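> Data file input.txt (compact mmCIF, C-alpha atoms) is appended below.
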# COMPACT_ATOMS: atom_id res chain seq x y z
CA MET Y 464 14.86 18.17 -20.89
CA ALA Y 465 16.13 19.72 -17.68
CA THR Y 466 18.77 19.08 -15.05
CA PRO Y 467 17.14 18.68 -11.62
CA ILE Y 468 17.14 21.77 -9.44
CA THR Y 469 19.68 21.86 -6.59
CA ALA Y 470 18.41 21.62 -3.02
CA SER Y 471 19.37 25.19 -2.13
CA THR Y 472 17.86 26.58 -5.32
CA LEU Y 473 14.64 24.66 -4.65
CA VAL Y 474 14.31 26.23 -1.21
CA ALA Y 475 14.93 29.69 -2.67
CA ALA Y 476 12.48 29.15 -5.54
CA LEU Y 477 9.70 28.03 -3.20
CA LYS Y 478 10.29 30.96 -0.85
CA ASP Y 479 10.43 33.40 -3.76
CA GLU Y 480 6.96 32.16 -4.73
CA GLY Y 481 5.76 33.10 -1.23
CA LEU Y 482 5.70 29.68 0.39
CA THR Y 483 6.54 28.64 3.93
CA VAL Y 484 9.18 25.91 3.63
CA VAL Y 485 9.97 23.35 6.33
CA GLU Y 486 13.20 21.40 5.87
CA VAL Y 487 12.72 17.89 7.30
CA ARG Y 488 15.67 16.03 8.81
CA ASP Y 489 18.36 15.18 6.22
CA TRP Y 490 16.10 15.79 3.21
CA ARG Y 491 18.91 17.21 1.05
CA ASN Y 492 20.65 13.80 1.03
CA HIS Y 493 17.54 11.61 1.26
CA ASN Y 494 16.74 9.89 -2.06
CA ARG Y 495 16.55 6.63 -4.01
CA ASN Y 496 19.31 7.51 -6.49
CA HIS Y 497 20.94 4.10 -5.95
CA GLN Y 498 17.83 2.56 -7.58
CA GLY Y 499 18.06 4.42 -10.87
CA ASP Y 500 18.45 7.71 -12.67
CA TRP Y 501 17.29 11.06 -11.32
CA GLY Y 502 16.72 13.29 -14.30
CA PRO Y 503 16.45 14.66 -16.79
CA VAL Y 504 13.23 16.04 -15.33
CA HIS Y 505 10.25 17.06 -17.43
CA GLY Y 506 7.44 18.02 -15.06
CA VAL Y 507 5.73 18.13 -11.70
CA MET Y 508 3.32 15.46 -10.41
CA ILE Y 509 0.64 16.11 -7.79
CA HIS Y 510 -0.63 13.39 -5.43
CA HIS Y 511 -2.87 12.96 -2.40
CA THR Y 512 -1.64 10.99 0.59
CA VAL Y 513 -4.72 9.12 1.90
CA THR Y 514 -3.69 10.28 5.38
CA SER Y 515 -4.69 12.90 7.92
CA GLY Y 516 -2.53 14.81 10.35
CA ALA Y 517 0.44 16.85 9.20
CA GLU Y 518 3.14 15.28 11.38
CA ARG Y 519 2.10 11.71 10.60
CA THR Y 520 1.83 12.50 6.89
CA VAL Y 521 5.25 14.12 6.71
CA ASP Y 522 6.89 11.25 8.61
CA LEU Y 523 5.28 8.67 6.31
CA CYS Y 524 6.43 10.52 3.20
CA TYR Y 525 9.97 10.81 4.56
CA ASP Y 526 10.30 7.24 5.85
CA GLY Y 527 8.01 5.32 3.51
CA HIS Y 528 6.89 1.85 4.62
CA PRO Y 529 8.25 -1.71 4.30
CA GLU Y 530 6.84 -2.23 0.79
CA LEU Y 531 7.91 1.22 -0.47
CA PRO Y 532 10.88 2.98 1.14
CA GLY Y 533 10.97 6.77 1.39
CA PRO Y 534 11.18 9.38 0.29
CA LEU Y 535 7.73 9.06 -1.25
CA CYS Y 536 7.95 12.53 -2.82
CA HIS Y 537 10.06 15.68 -2.77
CA GLY Y 538 7.68 17.85 -0.82
CA VAL Y 539 4.59 17.33 1.34
CA ILE Y 540 1.97 20.08 1.17
CA THR Y 541 -0.04 20.05 4.38
CA LYS Y 542 -3.50 21.50 4.84
CA ASP Y 543 -2.07 24.69 6.34
CA GLY Y 544 -0.22 25.42 3.10
CA LYS Y 545 3.29 24.65 4.31
CA VAL Y 546 5.70 22.75 2.06
CA HIS Y 547 7.71 20.16 3.98
CA LEU Y 548 10.76 19.07 1.98
CA VAL Y 549 11.43 15.35 2.54
CA GLY Y 550 13.69 14.31 -0.32
CA HIS Y 551 16.02 15.55 -3.01
CA GLY Y 552 16.76 13.21 -5.89
CA ARG Y 553 14.89 10.16 -7.05
CA ALA Y 554 11.78 9.52 -4.95
CA ASN Y 555 9.22 6.69 -4.91
CA HIS Y 556 6.19 8.71 -6.01
CA ALA Y 557 5.30 8.25 -9.67
CA GLY Y 558 6.06 4.63 -10.49
CA LEU Y 559 5.44 3.33 -13.98
CA GLY Y 560 3.25 5.29 -16.37
CA ASP Y 561 2.54 5.95 -20.01
CA ASP Y 562 5.27 7.14 -22.38
CA ASP Y 563 2.63 8.93 -24.47
CA VAL Y 564 1.81 11.04 -21.42
CA LEU Y 565 5.49 11.84 -20.87
CA ASN Y 566 5.85 12.89 -24.51
CA ALA Y 567 2.80 15.17 -24.16
CA VAL Y 568 4.27 16.73 -21.00
CA ILE Y 569 7.59 17.32 -22.75
CA ALA Y 570 5.76 18.94 -25.69
CA GLU Y 571 3.41 20.77 -23.28
CA LYS Y 572 0.39 19.51 -25.22
CA ASP Y 573 -2.98 18.06 -24.18
CA LEU Y 574 -2.60 14.81 -22.29
CA PRO Y 575 -3.76 11.51 -23.76
CA SER Y 576 -5.56 9.04 -21.52
CA PRO Y 577 -2.94 6.77 -19.95
CA ASN Y 578 -3.22 3.08 -20.85
CA GLU Y 579 0.30 1.69 -20.41
CA GLN Y 580 2.82 1.29 -17.60
CA ASN Y 581 6.00 1.35 -19.66
CA THR Y 582 7.97 4.36 -18.41
CA ASP Y 583 9.69 5.16 -15.11
CA GLY Y 584 8.18 8.35 -13.72
CA ASN Y 585 10.35 8.49 -10.62
CA SER Y 586 13.30 9.63 -12.69
CA ARG Y 587 11.37 12.21 -14.73
CA PHE Y 588 9.02 14.07 -12.36
CA TYR Y 589 9.15 16.13 -9.21
CA GLY Y 590 6.48 14.91 -6.81
CA PHE Y 591 4.35 16.73 -4.24
CA GLU Y 592 2.23 14.66 -1.89
CA CYS Y 593 -0.70 16.64 -0.53
CA GLU Y 594 -2.28 15.80 2.83
CA ASN Y 595 -5.79 14.57 2.04
CA LEU Y 596 -7.81 11.39 2.59
CA GLY Y 597 -8.55 11.23 -1.13
CA ASP Y 598 -12.15 10.16 -0.55
CA GLY Y 599 -13.67 13.08 -2.43
CA GLU Y 600 -15.10 14.44 0.82
CA ASP Y 601 -12.02 15.55 2.76
CA PRO Y 602 -11.77 19.30 2.09
CA TRP Y 603 -8.94 21.03 0.27
CA PRO Y 604 -8.40 24.29 2.18
CA ALA Y 605 -7.70 27.42 0.13
CA ALA Y 606 -4.23 27.72 1.69
CA GLN Y 607 -3.35 24.20 0.55
CA LEU Y 608 -4.59 24.69 -3.01
CA GLU Y 609 -2.67 27.96 -3.21
CA ALA Y 610 0.46 26.19 -1.98
CA ILE Y 611 0.08 23.49 -4.66
CA GLU Y 612 -0.24 26.23 -7.26
CA LYS Y 613 2.79 28.11 -5.95
CA ALA Y 614 5.01 25.03 -5.53
CA ALA Y 615 4.32 23.82 -9.06
CA ALA Y 616 4.75 27.33 -10.44
CA ALA Y 617 8.10 27.69 -8.67
CA LEU Y 618 9.52 24.67 -10.47
CA CYS Y 619 7.94 25.68 -13.78
CA ARG Y 620 9.43 29.16 -13.43
CA HIS Y 621 12.88 27.75 -12.65
CA HIS Y 622 12.89 25.43 -15.66
CA GLY Y 623 11.03 27.70 -18.09
CA TRP Y 624 8.09 25.30 -18.25
CA LYS Y 625 4.43 26.19 -18.74
CA ALA Y 626 1.41 24.89 -16.81
CA PRO Y 627 0.96 21.76 -19.02
CA SER Y 628 4.15 20.43 -17.39
CA VAL Y 629 2.12 19.85 -14.21
CA ILE Y 630 0.04 16.66 -14.02
CA GLY Y 631 -1.84 14.57 -11.52
CA HIS Y 632 -0.81 11.00 -10.73
CA LYS Y 633 -4.11 9.82 -12.25
CA GLU Y 634 -3.05 11.46 -15.53
CA TRP Y 635 0.20 9.46 -15.55
CA THR Y 636 -1.33 6.01 -15.03
CA ASP Y 637 -4.81 4.50 -15.12
CA GLN Y 638 -3.87 2.62 -11.93
CA LYS Y 639 -4.29 5.73 -9.71
CA ILE Y 640 -7.05 8.20 -8.77
CA ASP Y 641 -5.05 11.00 -7.20
CA PRO Y 642 -5.41 13.80 -6.64
CA ARG Y 643 -9.11 13.48 -5.92
CA GLY Y 644 -11.25 16.43 -4.84
CA PHE Y 645 -10.10 19.17 -7.22
CA SER Y 646 -9.62 19.48 -10.96
CA MET Y 647 -6.14 19.32 -12.42
CA ASP Y 648 -7.38 21.44 -15.36
CA ASP Y 649 -8.42 24.15 -12.89
CA MET Y 650 -5.08 23.86 -11.11
CA ARG Y 651 -3.20 24.23 -14.38
CA ASP Y 652 -5.29 27.34 -15.14
CA ARG Y 653 -4.24 28.78 -11.77
CA ILE Y 654 -0.59 27.94 -12.44
CA ALA Y 655 -0.76 29.49 -15.92
CA GLU Y 656 -2.19 32.69 -14.44
CA ARG Y 657 0.57 32.81 -11.81
CA LEU Y 658 3.26 32.33 -14.45
CA LYS Y 659 2.04 35.27 -16.57
Kindly present the structure from the file in structure tokens form.

Amino acid sequence: MATPITASTLVAALKDEGLTVVEVRDWRNHNRNHQGDWGPVHGVMIHHTVTSGAERTVDLCYDGHPELPGPLCHGVITKDGKVHLVGHGRANHAGLGDDDVLNAVIAEKDLPSPNEQNTDGNSRFYGFECENLGDGEDPWPAAQLEAIEKAAAALCRHHGWKAPSVIGHKEWTDQKIDPRGFSMDDMRDRIAERLK
């Protein structure tokens, strides 16, 4: 169980990991905290956006859309490897998922296959949306994959978590397929190596 990182400490942690950070509009005060709890946090969730174009993607994740108000994550990782911070606090990114998965993340054990939507993930996970069409064909540039690794590692390092605290949205709920186009097991291996 962990208290969410402060906005200033998040910026410092990401920069200390070697990332280029872009602070978007009023991101430090942009959240959905009036809709429910933010924290304690237990892990980091990785998504793909089903969009192309950095500016459009960042704006969408900041603003959301009529059915789902923003922020839609905490940070957007664009194809150039930059991390655009769009929210701090509760964000509409994880939705409902499986409590067995949450318990495995907390214990940093192998993940079970999700088969329930009984737990609010928006209050328990940091979320990074990654610019990608999610069709299995849109490439994941090396700079972007490295940024995903570094961003997740920064939060793990801050909280004293290990790589099993990082999951994909598709590992949280059987209703999602993201991120598509790279292996979360491989990404966790990269994060584990970085945290050594």
> Might you pull out every residue within 12 Å of His556 (chain Y), with only C-alpha atoms counted and same-chain residues fewer than 3 positions away left off, and present them as number ranges by chain?
Y: 494-495, 507-512, 524-525, 527, 531-539, 550, 552-553, 559-560, 583-593, 631-632, 635, 639, 641
> Work out how far apart CA of Thr520 (chain Y) and CA of Ile630 (chain Y) are and give it in Å to one decimal.
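The value is 21.4 Å.
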> Could you list, with a cut-off of 9 Å and counting only C-alpha atoms, the residues of region 515-573 of chain Y near region 606-612 of chain Y, each shown with its nearest atom pair and the distance in Å rounded to one decimal, rows sorted by chain and ascending number, as JSON lines?

{"residue": "Y:Ile540", "atom": "CA", "partner": "Y:Gln607", "partner_atom": "CA", "distance": 6.8}
{"residue": "Y:Thr541", "atom": "CA", "partner": "Y:Gln607", "partner_atom": "CA", "distance": 6.5}
{"residue": "Y:Lys542", "atom": "CA", "partner": "Y:Gln607", "partner_atom": "CA", "distance": 5.1}
{"residue": "Y:Asp543", "atom": "CA", "partner": "Y:Gln607", "partner_atom": "CA", "distance": 6.0}
{"residue": "Y:Gly544", "atom": "CA", "partner": "Y:Gln607", "partner_atom": "CA", "distance": 4.2}
{"residue": "Y:Lys545", "atom": "CA", "partner": "Y:Ala610", "partner_atom": "CA", "distance": 7.1}
{"residue": "Y:Val546", "atom": "CA", "partner": "Y:Ala610", "partner_atom": "CA", "distance": 7.5}
> Please, what distance in Å, to one decimal, runs between CA of Asp526 (chain Y) and CA of Asp562 (chain Y)?
28.7 Å
> So how many Å separate CA of Lys625 (chain Y) and CA of Asn566 (chain Y), to one decimal?
14.6 Å
> Which residue out of Y:Arg488, Y:His505, Y:Arg653, Y:His493 has the minimum interatomic distance to Pro467 (chain Y) when only C-alpha atoms are used?
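That would be Y:His505, the residue with the smallest distance to Pro467 (chain Y).
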> Just write region 588-615 of chain Y with N, CA, C and O atoms, as a PDB file, in the first residue's frame, taken from the block above.

ATOM      1  N   PHE Y 588      -4.212   2.393  -9.478  1.00  0.00           N
ATOM      2  CA  PHE Y 588      -3.108   2.297 -10.431  1.00  0.00           C
ATOM      3  C   PHE Y 588      -2.770   3.642 -11.051  1.00  0.00           C
ATOM      4  O   PHE Y 588      -3.658   4.439 -11.363  1.00  0.00           O
ATOM      5  N   TYR Y 589      -1.475   3.862 -11.253  1.00  0.00           N
ATOM      6  CA  TYR Y 589      -1.034   4.912 -12.161  1.00  0.00           C
ATOM      7  C   TYR Y 589      -1.278   4.406 -13.582  1.00  0.00           C
ATOM      8  O   TYR Y 589      -1.136   3.203 -13.841  1.00  0.00           O
ATOM      9  N   GLY Y 590      -1.592   5.299 -14.505  1.00  0.00           N
ATOM     10  CA  GLY Y 590      -1.835   4.888 -15.876  1.00  0.00           C
ATOM     11  C   GLY Y 590      -1.006   5.682 -16.875  1.00  0.00           C
ATOM     12  O   GLY Y 590      -0.940   6.909 -16.806  1.00  0.00           O
ATOM     13  N   PHE Y 591      -0.381   4.954 -17.806  1.00  0.00           N
ATOM     14  CA  PHE Y 591       0.315   5.571 -18.934  1.00  0.00           C
ATOM     15  C   PHE Y 591      -0.350   5.106 -20.220  1.00  0.00           C
ATOM     16  O   PHE Y 591      -0.401   3.904 -20.500  1.00  0.00           O
ATOM     17  N   GLU Y 592      -0.872   6.070 -20.962  1.00  0.00           N
ATOM     18  CA  GLU Y 592      -1.402   5.797 -22.296  1.00  0.00           C
ATOM     19  C   GLU Y 592      -0.263   5.983 -23.290  1.00  0.00           C
ATOM     20  O   GLU Y 592       0.472   6.978 -23.225  1.00  0.00           O
ATOM     21  N   CYS Y 593      -0.113   5.036 -24.209  1.00  0.00           N
ATOM     22  CA  CYS Y 593       0.985   5.065 -25.154  1.00  0.00           C
ATOM     23  C   CYS Y 593       0.431   5.193 -26.571  1.00  0.00           C
ATOM     24  O   CYS Y 593      -0.439   4.409 -26.975  1.00  0.00           O
ATOM     25  N   GLU Y 594       0.921   6.193 -27.288  1.00  0.00           N
ATOM     26  CA  GLU Y 594       0.432   6.500 -28.632  1.00  0.00           C
ATOM     27  C   GLU Y 594       0.663   5.315 -29.571  1.00  0.00           C
ATOM     28  O   GLU Y 594       1.786   4.992 -29.912  1.00  0.00           O
ATOM     29  N   ASN Y 595      -0.403   4.650 -29.961  1.00  0.00           N
ATOM     30  CA  ASN Y 595      -0.320   3.520 -30.871  1.00  0.00           C
ATOM     31  C   ASN Y 595      -1.726   3.156 -31.324  1.00  0.00           C
ATOM     32  O   ASN Y 595      -2.668   3.233 -30.524  1.00  0.00           O
ATOM     33  N   LEU Y 596      -1.862   2.744 -32.572  1.00  0.00           N
ATOM     34  CA  LEU Y 596      -3.175   2.363 -33.097  1.00  0.00           C
ATOM     35  C   LEU Y 596      -3.709   1.083 -32.471  1.00  0.00           C
ATOM     36  O   LEU Y 596      -4.910   0.809 -32.543  1.00  0.00           O
ATOM     37  N   GLY Y 597      -2.844   0.278 -31.903  1.00  0.00           N
ATOM     38  CA  GLY Y 597      -3.295  -0.930 -31.227  1.00  0.00           C
ATOM     39  C   GLY Y 597      -3.815  -2.001 -32.159  1.00  0.00           C
ATOM     40  O   GLY Y 597      -4.581  -2.874 -31.744  1.00  0.00           O
ATOM     41  N   ASP Y 598      -3.388  -1.946 -33.428  1.00  0.00           N
ATOM     42  CA  ASP Y 598      -3.848  -2.927 -34.412  1.00  0.00           C
ATOM     43  C   ASP Y 598      -2.865  -4.075 -34.605  1.00  0.00           C
ATOM     44  O   ASP Y 598      -3.077  -4.950 -35.442  1.00  0.00           O
ATOM     45  N   GLY Y 599      -1.786  -4.076 -33.827  1.00  0.00           N
ATOM     46  CA  GLY Y 599      -0.779  -5.109 -33.970  1.00  0.00           C
ATOM     47  C   GLY Y 599       0.193  -4.858 -35.106  1.00  0.00           C
ATOM     48  O   GLY Y 599       1.151  -5.607 -35.268  1.00  0.00           O
ATOM     49  N   GLU Y 600      -0.057  -3.824 -35.898  1.00  0.00           N
ATOM     50  CA  GLU Y 600       0.818  -3.485 -37.018  1.00  0.00           C
ATOM     51  C   GLU Y 600       1.533  -2.154 -36.823  1.00  0.00           C
ATOM     52  O   GLU Y 600       2.645  -1.956 -37.318  1.00  0.00           O
ATOM     53  N   ASP Y 601       0.902  -1.219 -36.132  1.00  0.00           N
ATOM     54  CA  ASP Y 601       1.529   0.068 -35.871  1.00  0.00           C
ATOM     55  C   ASP Y 601       2.796  -0.172 -35.053  1.00  0.00           C
ATOM     56  O   ASP Y 601       2.744  -0.820 -34.001  1.00  0.00           O
ATOM     57  N   PRO Y 602       3.948   0.331 -35.506  1.00  0.00           N
ATOM     58  CA  PRO Y 602       5.196   0.021 -34.806  1.00  0.00           C
ATOM     59  C   PRO Y 602       5.312   0.689 -33.445  1.00  0.00           C
ATOM     60  O   PRO Y 602       4.693   1.732 -33.188  1.00  0.00           O
ATOM     61  N   TRP Y 603       6.106   0.076 -32.604  1.00  0.00           N
ATOM     62  CA  TRP Y 603       6.486   0.630 -31.307  1.00  0.00           C
ATOM     63  C   TRP Y 603       7.964   1.012 -31.410  1.00  0.00           C
ATOM     64  O   TRP Y 603       8.836   0.148 -31.292  1.00  0.00           O
ATOM     65  N   PRO Y 604       8.273   2.286 -31.648  1.00  0.00           N
ATOM     66  CA  PRO Y 604       9.675   2.683 -31.778  1.00  0.00           C
ATOM     67  C   PRO Y 604      10.474   2.377 -30.508  1.00  0.00           C
ATOM     68  O   PRO Y 604       9.927   2.379 -29.394  1.00  0.00           O
ATOM     69  N   ALA Y 605      11.773   2.152 -30.691  1.00  0.00           N
ATOM     70  CA  ALA Y 605      12.643   1.833 -29.555  1.00  0.00           C
ATOM     71  C   ALA Y 605      12.587   2.924 -28.496  1.00  0.00           C
ATOM     72  O   ALA Y 605      12.583   2.637 -27.289  1.00  0.00           O
ATOM     73  N   ALA Y 606      12.519   4.191 -28.920  1.00  0.00           N
ATOM     74  CA  ALA Y 606      12.478   5.296 -27.957  1.00  0.00           C
ATOM     75  C   ALA Y 606      11.218   5.241 -27.106  1.00  0.00           C
ATOM     76  O   ALA Y 606      11.243   5.576 -25.915  1.00  0.00           O
ATOM     77  N   GLN Y 607      10.119   4.817 -27.701  1.00  0.00           N
ATOM     78  CA  GLN Y 607       8.860   4.740 -26.957  1.00  0.00           C
ATOM     79  C   GLN Y 607       8.893   3.588 -25.961  1.00  0.00           C
ATOM     80  O   GLN Y 607       8.489   3.742 -24.799  1.00  0.00           O
ATOM     81  N   LEU Y 608       9.370   2.430 -26.394  1.00  0.00           N
ATOM     82  CA  LEU Y 608       9.454   1.289 -25.483  1.00  0.00           C
ATOM     83  C   LEU Y 608      10.398   1.588 -24.322  1.00  0.00           C
ATOM     84  O   LEU Y 608      10.121   1.228 -23.171  1.00  0.00           O
ATOM     85  N   GLU Y 609      11.491   2.272 -24.620  1.00  0.00           N
ATOM     86  CA  GLU Y 609      12.418   2.642 -23.551  1.00  0.00           C
ATOM     87  C   GLU Y 609      11.763   3.613 -22.572  1.00  0.00           C
ATOM     88  O   GLU Y 609      11.965   3.523 -21.360  1.00  0.00           O
ATOM     89  N   ALA Y 610      10.946   4.520 -23.094  1.00  0.00           N
ATOM     90  CA  ALA Y 610      10.256   5.471 -22.228  1.00  0.00           C
ATOM     91  C   ALA Y 610       9.225   4.772 -21.345  1.00  0.00           C
ATOM     92  O   ALA Y 610       9.057   5.139 -20.169  1.00  0.00           O
ATOM     93  N   ILE Y 611       8.525   3.772 -21.881  1.00  0.00           N
ATOM     94  CA  ILE Y 611       7.587   2.997 -21.065  1.00  0.00           C
ATOM     95  C   ILE Y 611       8.338   2.325 -19.916  1.00  0.00           C
ATOM     96  O   ILE Y 611       7.924   2.379 -18.754  1.00  0.00           O
ATOM     97  N   GLU Y 612       9.453   1.697 -20.275  1.00  0.00           N
ATOM     98  CA  GLU Y 612      10.304   1.040 -19.276  1.00  0.00           C
ATOM     99  C   GLU Y 612      10.747   2.022 -18.193  1.00  0.00           C
ATOM    100  O   GLU Y 612      10.629   1.755 -16.991  1.00  0.00           O
ATOM    101  N   LYS Y 613      11.238   3.178 -18.613  1.00  0.00           N
ATOM    102  CA  LYS Y 613      11.769   4.157 -17.662  1.00  0.00           C
ATOM    103  C   LYS Y 613      10.666   4.760 -16.793  1.00  0.00           C
ATOM    104  O   LYS Y 613      10.857   4.963 -15.585  1.00  0.00           O
ATOM    105  N   ALA Y 614       9.515   5.067 -17.400  1.00  0.00           N
ATOM    106  CA  ALA Y 614       8.421   5.677 -16.637  1.00  0.00           C
ATOM    107  C   ALA Y 614       7.908   4.718 -15.566  1.00  0.00           C
ATOM    108  O   ALA Y 614       7.687   5.115 -14.410  1.00  0.00           O
ATOM    109  N   ALA Y 615       7.710   3.469 -15.949  1.00  0.00           N
ATOM    110  CA  ALA Y 615       7.251   2.475 -14.976  1.00  0.00           C
ATOM    111  C   ALA Y 615       8.303   2.255 -13.893  1.00  0.00           C
ATOM    112  O   ALA Y 615       7.979   2.186 -12.699  1.00  0.00           O
TER     113      ALA Y 615
END
